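First up is the structure itself, then whatever we jot down about it.
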Amino acid sequence: MANHLLSLLLFTPLAVAVVLLIIPSSQRLIHRIGIIVATGLQLTIAIAIYFQFAPNKSTSLTNNAYYNLQLIERFDWISLNLGNLGHLSIDYFVAVDGVSLPLVILAALILLIAAISSWTIKQHVKGYALLFLLLSSSVVGCFIALDFFLFYLFFEFMLLPMYFLIGIWGGERREYASIKFFLYTLTGSIFILIAMIGLYLSVIDPVATGEMSGLIGNHPSAVEIDYVQDQLRDGKIAGQDLVRTFDMVAMTDTRNYLPNSTLAVEGAQWGNFPLRWLAFWALLLGFVIKLPSVPLHTWLPDAHVEAPTAISVVLAGLLLKIGGYGIFRTAYSMFPEAALQFAWWIGFLGVISILFAAFNALAMRDLKKMIAYSSVSHMGFVLLGFASLTSEGVSGGLYQMFSHGLISPLLFLLAGVLYDRTHNRMIAHYGGLTQKMPYFTVLVIVGFFASLGLPGFSGFIAEVLTLLGAFNSATVNKLLPRWMAVFAALGLILSAGYYLWTLQRMFFGKYYVREESWNEKLVDLSWREYVMLVPLAVATLVFGIAPSLFLDVVGESVRHWTEYMNGQGVLYLEQMMNR
């Protein structure tokens with residue numbers, strides 16, 4: 001059973017969806033309970049995976065970006081003989097490492113909380129439940145898939161349920177928001193697809209190719225794999241024996257690239273611009289849209305405002321993180337020399353996102369829209385941390401993804417509490433709410449202070465590590481100037497401004513609501529709302545006080561990855577310059 005935990009995690013929601021499919025639509029209670037049971041099982045399995053994982057166990061070969069892949073499940077899924085062109089191989093390949101494991105646990109927790117939040121859905125409950133379960137499997141699949149084709153499949157599967165979940169169960173402008181979300185995400189997917197095809201045409205599976213050509217047997221050693229890669233480099237392997245692959249691990253080792261292929265280090269150029277760098281930018285743009293970053297962020301506020309609360313929770317807590325995870329796993333890991341070459345521009349983009357979105361948040365009068373722009377601002381720290389390519393900066397970027405995955409769902413749930421009672425989100429329409437809803441106010445204070453980076457909360461650790469990494473980059477690898485860290489720190493001041501301004505306007509001072517009819521509706525939290533909100537509030541405190549719970553898991557993976565990025569990236573740049 002332990003060998004198939006990841007498959008259980010992946011397919012449990014789909015299995016429940018099949019059961020719910022045959023249950024009549026009139027049985028709304030069963031459908032509501034069904035998605036809670038499915039996501040509850042997912043969280044249970046994710047916790048079991050955590051206890052199976054050994055953070056310091058190395059499974060890496062020398063020249064790839066992965067350190068401690070564990071719970072590996074792999075078998076042939078699609079195979080096709082291409083004649084003289086070799087063989088096409090697509091695998092069911094899933095695993096976790098120190099980077100993906102925290103995000104898997106985060107996904108399971110947020111999906112369960114979103115399922116509980118979905119209890120208030122009243123129309124088309126069966127359709128909602130089925131789409132939610134499809135979304136649940138797709139999100140988890142993105143974090144564990146290590147075959148690029150499989151990853152892309154899960155990435156695309158998220159698009160369809162999100163489109164309908166916003167377009168059917170959203171607010172007044174739901175059609176506009178869902179179409180805008182669909183078009184932006186689809187555009188990003190096309191960029192990713194183009195790069196993926198280029199990688200497929202360039203990369204072979206050294207183990208399968210060695211077996212096909214008779215160079216090695218089953219369970220080869222690292223020395224035998226090196227021999228196959230040497231034979232590939234020297235052009236001594238026949239074309240019909242090449243096994244082309246979507247293996248994301250193989251794609252991070254340029255010794256697996258066909259000599260002079262499209263995306264080989266010595267491969268083709270467009271003018272003086274290597275096609276590898278074009279592929280890097282295609283992947284980066286595709287995932288930056290999902291992150292999102294300025295100027296490709298405008299779909300997010302509309303999607304958040306119009307989406308039902310539960311879907312806003314998944315969108316902010318998980319879908320944005322897939323954007324950051326995709327940048328880490330594909331653009332950076334597969335093209336380290338491009339990450340070094342364009343580090344300044346990526347760091348600059350992160351700083352612009354931090355400041356531009358923070359100023360927009362200051363101008364917002366809609367509570368949910370303000371939180372949405374704060375999400376864009378905080379995701380800028382992810383780009384800045386990755387751009388630094390220092391252990392502190394990358395750890396901070398990953399921690400920001402995890403921390404924001406706890407804090408932003410808390411904030412959107414709190415906004416949903418008000419909207420469920422009054423169907424109004426305007427900040428100016430409330431005042432002195434602490435008098436009517438004291439426990440709600442306490443959780444709002446926790447959420448706001450966690451998001452603005454108050455010491456003691458997880459957001460503080462993430463942002464400090466990111467700023468340290470960005471500042472030290474000028475000394476460690478000379479990629480980012482120190483002024484970027486200084487300007488990024490201004491984002492913390494701006495976030496304190498819009499959160500404290502909102503807190504003062506809505507919760508303190510004289511009690512005021514725009515409509516008298518709201519007085520009876522503004523009651524404090526229900527038991528269901530406590531169940532959703534308290535775990536997230538506690539988690540932000542726990543991970544702020546004990547960040548080692550996260551950093552001990554990702555630490556060795558990040559150390560290996562930054563060494564790979566700075567070492568192999570410099571090597572590839574030298575090879576390009578000397579050809």
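Residue names in the structure tokens use chain letters A, B, ... in the order shown, residue numbers from 1 in each chain, and ligand numbers from 1 in the order shown.
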
List every residue of segment 337-423 of chain A that has an atom at most 12 Å from any atom of segment 544-548 of chain A, and for each one report the closest atom pair and its distance in Å to one decimal, counting only C-alpha atoms, with rows sorted by chain and then by increasing residue number, as a tab-separated table.
residue	atom	partner	partner_atom	distance
A:Ser395	CA	A:Pro547	CA	11.0
A:Gly396	CA	A:Pro547	CA	10.8
A:Tyr399	CA	A:Pro547	CA	8.9
A:Gln400	CA	A:Gly544	CA	11.5
A:Phe402	CA	A:Pro547	CA	11.1
A:Ser403	CA	A:Gly544	CA	8.9
A:Leu406	CA	A:Gly544	CA	11.5
A:Ile407	CA	A:Gly544	CA	11.6

- Query: Which neighbours of Ala115 of chain A fall inside 9 Å, counting only C-alpha atoms, when residues of the same chain fewer than 5 positions from it are skipped, and could you give them as a list in words?
  - Reply: Arg32, Ile33, Ile35, Ile36, Val37, Thr39, Ile110, Ala129, Phe132 and Ala310 of chain A

Would you export the selected residues with all heavy atoms as an mmCIF file, in the first residue's frame, please?
data_model
loop_
_atom_site.group_PDB
_atom_site.id
_atom_site.type_symbol
_atom_site.label_atom_id
_atom_site.label_comp_id
_atom_site.auth_asym_id
_atom_site.auth_seq_id
_atom_site.Cartn_x
_atom_site.Cartn_y
_atom_site.Cartn_z
ATOM 1 N N ARG A 32 -22.828 16.827 -1.075
ATOM 2 C CA ARG A 32 -22.042 17.721 -0.222
ATOM 3 C C ARG A 32 -21.097 16.921 0.671
ATOM 4 O O ARG A 32 -19.917 17.266 0.819
ATOM 5 C CB ARG A 32 -22.967 18.586 0.639
ATOM 6 C CG ARG A 32 -23.759 19.634 -0.141
ATOM 7 C CD ARG A 32 -24.482 20.575 0.802
ATOM 8 N NE ARG A 32 -25.189 21.608 0.106
ATOM 9 C CZ ARG A 32 -26.518 21.679 -0.023
ATOM 10 N NH1 ARG A 32 -27.276 20.738 0.539
ATOM 11 N NH2 ARG A 32 -27.087 22.660 -0.674
ATOM 12 N N ILE A 33 -21.631 15.863 1.260
ATOM 13 C CA ILE A 33 -20.796 15.021 2.126
ATOM 14 C C ILE A 33 -19.715 14.321 1.300
ATOM 15 O O ILE A 33 -18.588 14.135 1.764
ATOM 16 C CB ILE A 33 -21.676 13.993 2.871
ATOM 17 C CG1 ILE A 33 -22.594 14.720 3.860
ATOM 18 C CG2 ILE A 33 -20.816 12.964 3.599
ATOM 19 C CD1 ILE A 33 -23.599 13.812 4.542
ATOM 20 N N ILE A 35 -17.903 15.290 -1.322
ATOM 21 C CA ILE A 35 -16.662 16.024 -1.588
ATOM 22 C C ILE A 35 -15.865 16.243 -0.300
ATOM 23 O O ILE A 35 -14.626 16.285 -0.334
ATOM 24 C CB ILE A 35 -16.934 17.365 -2.308
ATOM 25 C CG1 ILE A 35 -17.842 18.279 -1.489
ATOM 26 C CG2 ILE A 35 -17.526 17.132 -3.677
ATOM 27 C CD1 ILE A 35 -18.020 19.655 -2.108
ATOM 28 N N ILE A 36 -16.545 16.335 0.835
ATOM 29 C CA ILE A 36 -15.825 16.449 2.112
ATOM 30 C C ILE A 36 -15.112 15.141 2.436
ATOM 31 O O ILE A 36 -13.946 15.140 2.860
ATOM 32 C CB ILE A 36 -16.790 16.849 3.239
ATOM 33 C CG1 ILE A 36 -17.335 18.254 2.991
ATOM 34 C CG2 ILE A 36 -16.100 16.775 4.598
ATOM 35 C CD1 ILE A 36 -18.397 18.702 3.978
ATOM 36 N N VAL A 37 -15.781 14.014 2.209
ATOM 37 C CA VAL A 37 -15.160 12.704 2.457
ATOM 38 C C VAL A 37 -13.955 12.503 1.545
ATOM 39 O O VAL A 37 -12.883 12.070 1.982
ATOM 40 C CB VAL A 37 -16.193 11.575 2.249
ATOM 41 C CG1 VAL A 37 -15.510 10.210 2.235
ATOM 42 C CG2 VAL A 37 -17.255 11.621 3.345
ATOM 43 N N THR A 39 -11.990 14.744 -0.013
ATOM 44 C CA THR A 39 -10.854 15.604 0.332
ATOM 45 C C THR A 39 -10.298 15.267 1.717
ATOM 46 O O THR A 39 -9.099 15.416 1.957
ATOM 47 C CB THR A 39 -11.263 17.082 0.272
ATOM 48 O OG1 THR A 39 -12.472 17.285 1.036
ATOM 49 C CG2 THR A 39 -11.517 17.509 -1.174
ATOM 50 N N ILE A 110 -6.151 22.584 1.896
ATOM 51 C CA ILE A 110 -6.972 23.652 1.318
ATOM 52 C C ILE A 110 -8.186 23.073 0.596
ATOM 53 O O ILE A 110 -9.289 23.645 0.649
ATOM 54 C CB ILE A 110 -6.124 24.517 0.366
ATOM 55 C CG1 ILE A 110 -4.999 25.213 1.141
ATOM 56 C CG2 ILE A 110 -6.999 25.559 -0.333
ATOM 57 C CD1 ILE A 110 -5.455 26.036 2.319
ATOM 58 N N ALA A 129 -20.216 19.323 -7.379
ATOM 59 C CA ALA A 129 -19.412 18.309 -6.692
ATOM 60 C C ALA A 129 -18.504 17.570 -7.668
ATOM 61 O O ALA A 129 -17.320 17.347 -7.384
ATOM 62 C CB ALA A 129 -20.319 17.328 -5.960
ATOM 63 N N PHE A 132 -15.702 19.882 -8.803
ATOM 64 C CA PHE A 132 -14.774 20.124 -7.695
ATOM 65 C C PHE A 132 -13.835 18.933 -7.513
ATOM 66 O O PHE A 132 -12.635 19.104 -7.266
ATOM 67 C CB PHE A 132 -15.550 20.393 -6.408
ATOM 68 C CG PHE A 132 -14.689 20.800 -5.246
ATOM 69 C CD1 PHE A 132 -14.431 22.139 -5.005
ATOM 70 C CD2 PHE A 132 -14.127 19.853 -4.406
ATOM 71 C CE1 PHE A 132 -13.625 22.528 -3.940
ATOM 72 C CE2 PHE A 132 -13.326 20.225 -3.342
ATOM 73 C CZ PHE A 132 -13.072 21.563 -3.109
ATOM 74 N N ALA A 310 -15.546 29.296 -2.016
ATOM 75 C CA ALA A 310 -14.754 28.066 -2.016
ATOM 76 C C ALA A 310 -13.782 28.024 -3.186
ATOM 77 O O ALA A 310 -12.636 27.565 -3.051
ATOM 78 C CB ALA A 310 -15.681 26.850 -2.060
#

- Message: Which residues are close to segment 324-340 of chain A, i.e. within 8 Å by only C-alpha atoms, leaving aside same-chain residues fewer than 2 positions away? Reply as JSON, numbers by chain.
- Response: {"A": [65, 143, 248, 251, 252, 253, 276, 277, 279, 280, 281, 283, 284, 287, 288, 291, 320, 321, 322, 342, 343, 382, 383, 386, 387, 401, 479, 565, 566, 568, 569, 570, 571, 572, 573]}

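If only C-alpha atoms are the atoms counted, then among A:Val554, A:Val18, A:Leu355, A:Leu411 the closest residue to Ala488 of chain A is A:Leu355.
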
- Task: Would you work out the distance separating atom CA of His297 of chain A from atom CA of Ala358 of chain A, expressed in Å to one decimal?
- Result: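 If I compute the distance from atom CA of His297 of chain A to atom CA of Ala358 of chain A, I get 12.8 Å.
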
- Task: With a distance cut-off of 10 Å and only C-alpha atoms, select the neighbouring residues of Leu201 of chain A, excluding the residue or stretch itself and same-chain residues fewer than 6 positions from it, and output the selection as a list in words.
- Result: Leu88, Arg244, Thr245, Phe246, Tyr257, Leu258, Ser261, Thr262 and Leu263 of chain A

Output as CSV one row per residue of segment 308-377 of chain A within 10 Å of segment 446-466 of chain A: the closest atom pair and its distance in Å to one decimal place, counting only C-alpha atoms, sorted by chain and residue number ascending.
residue,atom,partner,partner_atom,distance
A:Ile371,CA,A:Ser451,CA,9.6
A:Ser374,CA,A:Ser451,CA,8.5
A:Ser375,CA,A:Ser451,CA,9.3

If you keep C-alpha atoms, can you produce a file of those selected residues as a CSV table (one decimal), in the first residue's frame?
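Listing of selection01.csv after writing:
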chain,number,residue,atom,x,y,z
A,371,ILE,CA,-7.1,40.8,-1.1
A,374,SER,CA,-2.4,41.7,-2.3
A,375,SER,CA,-2.0,38.1,-3.7

- Message: With only C-alpha atoms as the counted atoms, please give the residues lying no more than 8 Å from Ala372 of chain A, apart from itself and same-chain residues fewer than 4 positions off, as a list in words.
- Response: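 In the requested format, the answer is Leu300, Pro301, His304, Ala361, Lys368 and Val376 of chain A.
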
- Note on the structure: Students should find that atom CA of Arg559 of chain A and atom CA of Ala485 of chain A are spaced 21.4 Å

- Item | Separation of atom CA of Ala177 of chain A from atom CA of Asp302 of chain A, in Å and rounded to one decimal |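 These two atoms are separated by 5.3 Å.
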
- Top pick for closest residue to Ala282 of chain A, considering A:Thr298, A:Asn68, A:Thr187, A:Ser391 and counting only C-alpha atoms: A:Thr187

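Omitting Ile78 of chain A and its sequence neighbours fewer than 3 positions away, and counting only C-alpha atoms, the residues within 12 Å are Phe75, Asn81, His87, Leu88, Ser89, Ile90, Asp91, Tyr92, Phe93, Asp147, Phe149, Leu150, Arg244, Thr245 and Phe246 of chain A.
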
- Of the candidates A:Ala54, A:Ala15, A:Leu468, A:Leu413, which shows the shortest atom-to-atom distance to Pro308 of chain A, using only C-alpha atoms?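 Closest residue, counting only C-alpha atoms: A:Leu413.
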
- Message: With DSSP run on the backbone, what are the helix (DSSP H, G or I) residues within segment 56-280 of chain A? I'd like them as number ranges by chain.
- Response: A: 83-85, 100-120, 125-144, 148-169, 174-202, 206-213, 222-233, 239-241, 250-252, 254-256, 275-280

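Comparing the minimum interatomic distances between Ala17 of chain A and each of A:Ile121, A:Leu134, A:Val99, A:Ile30, counting only C-alpha atoms, we find that A:Leu134 sits nearest.
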
- List the neighbours of Pro409 of chain A out to 9 Å using only C-alpha atoms; skip same-chain residues closer than 2 positions along the sequence, and give me the result as a ChimeraX atom specification. /A:110,113-114,310,312-317,404-407,411-414,533,536

- Message: I need the residues in segment 198-426 of chain A that are strand (DSSP E) according to DSSP; give them as a PyMOL selection string.
- Response: chain A and resi 243-245+269-270+273-274

Give me a file of those residues, with N, CA and C atoms, as a PDB file, in the first residue's frame.
ATOM      1  N   VAL A 243      14.891   6.402 -27.592  1.00  0.00           N
ATOM      2  CA  VAL A 243      13.583   6.455 -26.919  1.00  0.00           C
ATOM      3  C   VAL A 243      13.361   7.891 -26.467  1.00  0.00           C
ATOM      4  N   ARG A 244      12.513   8.594 -27.186  1.00  0.00           N
ATOM      5  CA  ARG A 244      12.215   9.993 -26.862  1.00  0.00           C
ATOM      6  C   ARG A 244      11.242  10.027 -25.682  1.00  0.00           C
ATOM      7  N   THR A 245      11.464  10.978 -24.795  1.00  0.00           N
ATOM      8  CA  THR A 245      10.741  10.952 -23.529  1.00  0.00           C
ATOM      9  C   THR A 245      10.253  12.330 -23.109  1.00  0.00           C
ATOM     10  N   GLN A 269      19.937  28.445 -33.188  1.00  0.00           N
ATOM     11  CA  GLN A 269      19.737  29.813 -32.711  1.00  0.00           C
ATOM     12  C   GLN A 269      18.780  30.546 -33.639  1.00  0.00           C
ATOM     13  N   TRP A 270      18.127  31.554 -33.071  1.00  0.00           N
ATOM     14  CA  TRP A 270      17.311  32.472 -33.864  1.00  0.00           C
ATOM     15  C   TRP A 270      18.071  33.791 -33.871  1.00  0.00           C
ATOM     16  N   PHE A 273      20.177  34.476 -30.721  1.00  0.00           N
ATOM     17  CA  PHE A 273      19.419  34.095 -29.527  1.00  0.00           C
ATOM     18  C   PHE A 273      19.189  32.584 -29.562  1.00  0.00           C
ATOM     19  N   PRO A 274      19.793  31.819 -28.633  1.00  0.00           N
ATOM     20  CA  PRO A 274      19.605  30.364 -28.635  1.00  0.00           C
ATOM     21  C   PRO A 274      18.135  29.987 -28.464  1.00  0.00           C
TER      22      PRO A 274
END
